[in-house]
Amino acid sequence: FEVAAIFTFVYYNNINYTSYYRDGRCFICKHGEYGVLNRWGVEQVPCEYNSLRYNDREHPEFLYAQRGNAKGIIDLHGNVIIPFEYNYLEPMEDTNLFEVGQHGKYGLVERDGTPVLPCAYDNLSRWHDTRLIQITQGDLDGLITPDGEVVLPCRYIFAKQDKTGLTKINEGGWVDDDHKIRGGRWGVIDKEGNIVLGCNFEKISINSEEIRTEADGHISYYDLRGNYQYGLKDWH
């Protein structure tokens with residue numbers, strides 16, 4: 001590598017940065033743009049990127065690359081995997097997906113560049129300790145699988161998950177300036193996004209043993225799987 005690299009440096013006569021890696025490749029910089037030489041000193045990735053970095057220093061599989069403000073991913077031979085269409089691009093933890101962003105909106109693509117979710121969402125995040133992904137548009141939330149299959153459409157407001165693993169959801173309400181959920185009707189989902197109780201209630205509270213609901217002058221109690229237990233009438 002060293003002999004070939006010296007020849008290359010002399011041949012180009014304008015390389016102003018080099019960095020050696022264990023796999024025999026070498027980052028180079030010409031006129032402020034980065035590329036990669038192989039172990040024979042041949043330019044494997046052309047010097048046309050503002051920044052380059054391996055996904056893994058010890059066992060690289062691909063390169064994060066940037067042209068101006070546009071980010072993409074190329075393979076070790078310089079072939080484009082994820083096109084330079086995004087100003088945000090980061091791996092989503094514990095998945096084979098990348099979160100990508102355009103103009104303040106976010107979506108998902110697979111590692112081979114296949115789109116999973118368009119850049120139409122304000123926030124994307126892992127849904128607790130599951131494989132699901134929470135999607136957010138404005139105040140509204142939904143859930144999808146890593147394959148893009150909709151588990152819950154993006155039309156609910158999610159409350160904080162209860163210690164039982166259940167989460168209250170609101171349909172038709174809004175979030176006020178104090179970040180409190182107002183109006184609408186309440187329901188409950190489990191940690192996998194399955195509906196335990198539909199959004200038919202004015203109030204819901206959850207404890208370690210049961211779910212208490214209020215609607216239309218009735219108080220009702222359900223177990224944590226959504227099975228009706230008993231109720232009270234005319235609580236006003």
# chains A, B, ... in the order shown; residues from 1 in each chain; ligands from 1
$ select_by_dssp --residues "segment 61-208 of chain A" --states "strand (DSSP E)" --output "VMD selection string"
chain A and resid 63 to 67 70 to 74 80 to 86 88 to 91 97 to 102 105 to 110 115 to 121 123 to 126 133 to 137 140 to 144 150 to 161 167 to 171 174 to 175 181 to 182 185 to 189 195 to 201 203 to 206
$ residues_around --residues "Ser220 of chain A" --least-positions-apart "4" --cutoff "8 Å" --atoms "only C-alpha atoms" --output "VMD selection string"
chain A and resid 212 to 214 228 to 232
$ write_last_selection --atoms "C-alpha atoms" --output "PDB file, in the first residue's frame"
ATOM      1  CA  ARG A 212     -61.781   2.918  35.448  1.00  0.00           C
ATOM      2  CA  THR A 213     -63.825   4.752  32.797  1.00  0.00           C
ATOM      3  CA  GLU A 214     -66.377   7.557  32.833  1.00  0.00           C
ATOM      4  CA  TYR A 228     -65.878  -5.485  31.461  1.00  0.00           C
ATOM      5  CA  GLN A 229     -66.101  -6.145  35.215  1.00  0.00           C
ATOM      6  CA  TYR A 230     -68.863  -4.013  36.698  1.00  0.00           C
ATOM      7  CA  GLY A 231     -70.332  -0.518  36.561  1.00  0.00           C
ATOM      8  CA  LEU A 232     -72.116   2.262  38.407  1.00  0.00           C
TER       9      LEU A 232
END
$ atom_distance --atom1 "atom CA of Asp178 of chain A" --atom2 "atom CA of Ile204 of chain A"
20.0 Å
$ closest_residue --among "A:Thr95, A:Asn69, A:Thr145, A:Gln44" --to "Leu117 of chain A" --atoms "only C-alpha atoms"
A:Thr145
$ residues_around --residues "Asp129 of chain A" --least-positions-apart "5" --cutoff "12 Å" --atoms "only C-alpha atoms" --output "ChimeraX atom specification"
/A:93-94,134,161,165,190-193
$ residues_around --residues "Gly184 of chain A" --least-positions-apart "6" --cutoff "7 Å" --atoms "only C-alpha atoms" --output "list in words"
Asn170, Glu171, Gly172 and Gly173 of chain A
$ write_last_selection --atoms "N, CA, C and O atoms" --output "PDB file, in the first residue's frame"
ATOM      1  N   ASN A 170     -56.034   9.503  23.062  1.00  0.00           N
ATOM      2  CA  ASN A 170     -57.146  10.440  22.917  1.00  0.00           C
ATOM      3  C   ASN A 170     -57.418  10.669  21.440  1.00  0.00           C
ATOM      4  O   ASN A 170     -56.486  10.890  20.653  1.00  0.00           O
ATOM      5  N   GLU A 171     -58.697  10.619  21.062  1.00  0.00           N
ATOM      6  CA  GLU A 171     -59.092  10.898  19.693  1.00  0.00           C
ATOM      7  C   GLU A 171     -60.021  12.102  19.671  1.00  0.00           C
ATOM      8  O   GLU A 171     -61.014  12.146  20.401  1.00  0.00           O
ATOM      9  N   GLY A 172     -59.689  13.098  18.846  1.00  0.00           N
ATOM     10  CA  GLY A 172     -60.534  14.265  18.702  1.00  0.00           C
ATOM     11  C   GLY A 172     -60.209  15.414  19.628  1.00  0.00           C
ATOM     12  O   GLY A 172     -60.842  16.472  19.557  1.00  0.00           O
ATOM     13  N   GLY A 173     -59.212  15.243  20.492  1.00  0.00           N
ATOM     14  CA  GLY A 173     -58.833  16.312  21.411  1.00  0.00           C
ATOM     15  C   GLY A 173     -57.697  17.161  20.881  1.00  0.00           C
ATOM     16  O   GLY A 173     -57.331  17.099  19.708  1.00  0.00           O
TER      17      GLY A 173
END
$ residues_around --residues "Gly78 of chain A" --least-positions-apart "4" --cutoff "9 Å" --atoms "only C-alpha atoms" --output "list in words"
Gly35, Val36, Gln44, Val45, Pro46, Phe62, Leu63 and Ile74 of chain A
$ write_last_selection --atoms "N, CA and C atoms" --output "tab-separated table (two decimals), in the first residue's frame"
chain	number	residue	atom	x	y	z
A	35	GLY	N	-12.31	11.60	-0.75
A	35	GLY	CA	-12.49	10.36	-1.46
A	35	GLY	C	-11.73	9.26	-0.76
A	36	VAL	N	-11.62	8.09	-1.43
A	36	VAL	CA	-10.94	6.94	-0.83
A	36	VAL	C	-10.05	6.27	-1.87
A	44	GLN	N	-10.73	4.80	-5.35
A	44	GLN	CA	-11.88	3.90	-5.35
A	44	GLN	C	-13.18	4.68	-5.20
A	45	VAL	N	-13.15	5.69	-4.36
A	45	VAL	CA	-14.28	6.62	-4.20
A	45	VAL	C	-13.77	7.99	-4.63
A	46	PRO	N	-14.38	8.60	-5.64
A	46	PRO	CA	-13.86	9.87	-6.16
A	46	PRO	C	-13.94	10.99	-5.13
A	62	PHE	N	-20.27	0.40	4.70
A	62	PHE	CA	-20.65	1.48	3.81
A	62	PHE	C	-20.12	2.79	4.36
A	63	LEU	N	-20.36	3.86	3.63
A	63	LEU	CA	-19.86	5.19	4.01
A	63	LEU	C	-21.02	6.18	4.08
A	74	ILE	N	-23.08	5.65	0.49
A	74	ILE	CA	-22.46	4.97	-0.65
A	74	ILE	C	-21.80	3.69	-0.16
$ atom_distance --atom1 "atom CA of Pro60 of chain A" --atom2 "atom CA of His77 of chain A"
11.9 Å
$ residues_around --residues "Ile169 of chain A" --least-positions-apart "2" --cutoff "12 Å" --atoms "only C-alpha atoms" --output "ChimeraX atom specification"
/A:139-143,152,154-162,166-167,171-174,181-190,193-205
$ closest_residue --among "A:Asp216, A:Asp176, A:Glu149, A:Glu90" --to "Asn55 of chain A" --atoms "only C-alpha atoms"
A:Glu90
$ residues_around --residues "Gln137 of chain A" --least-positions-apart "6" --cutoff "10 Å" --atoms "only C-alpha atoms" --output "ChimeraX atom specification"
/A:105-106,120-124,154-156
$ write_last_selection --atoms "N, CA and C atoms" --output "JSON list (two decimals), in the first residue's frame"
[["chain", "number", "residue", "atom", "x", "y", "z"],
["A", 105, "LYS", "N", -39.15, 17.60, 8.00],
["A", 105, "LYS", "CA", -40.04, 16.45, 8.10],
["A", 105, "LYS", "C", -39.19, 15.18, 7.97],
["A", 106, "TYR", "N", -39.66, 14.09, 8.59],
["A", 106, "TYR", "CA", -38.85, 12.89, 8.69],
["A", 106, "TYR", "C", -39.57, 11.66, 8.15],
["A", 120, "ALA", "N", -42.81, 12.95, 5.94],
["A", 120, "ALA", "CA", -44.04, 13.70, 6.17],
["A", 120, "ALA", "C", -44.36, 13.84, 7.66],
["A", 121, "TYR", "N", -43.40, 13.46, 8.54],
["A", 121, "TYR", "CA", -43.69, 13.39, 9.96],
["A", 121, "TYR", "C", -42.76, 14.31, 10.75],
["A", 122, "ASP", "N", -43.31, 14.84, 11.86],
["A", 122, "ASP", "CA", -42.54, 15.77, 12.69],
["A", 122, "ASP", "C", -41.57, 15.06, 13.62],
["A", 123, "ASN", "N", -41.87, 13.82, 13.93],
["A", 123, "ASN", "CA", -40.97, 13.07, 14.82],
["A", 123, "ASN", "C", -41.19, 11.57, 14.62],
["A", 124, "LEU", "N", -40.10, 10.81, 14.73],
["A", 124, "LEU", "CA", -40.13, 9.35, 14.69],
["A", 124, "LEU", "C", -39.32, 8.84, 15.88],
["A", 154, "CYS", "N", -52.20, 7.62, 12.27],
["A", 154, "CYS", "CA", -51.71, 8.82, 12.97],
["A", 154, "CYS", "C", -52.87, 9.79, 13.21],
["A", 155, "ARG", "N", -53.74, 9.43, 14.17],
["A", 155, "ARG", "CA", -54.88, 10.29, 14.47],
["A", 155, "ARG", "C", -55.18, 10.37, 15.97],
["A", 156, "TYR", "N", -54.26, 9.89, 16.79],
["A", 156, "TYR", "CA", -54.44, 9.88, 18.23],
["A", 156, "TYR", "C", -53.39, 10.75, 18.92]]
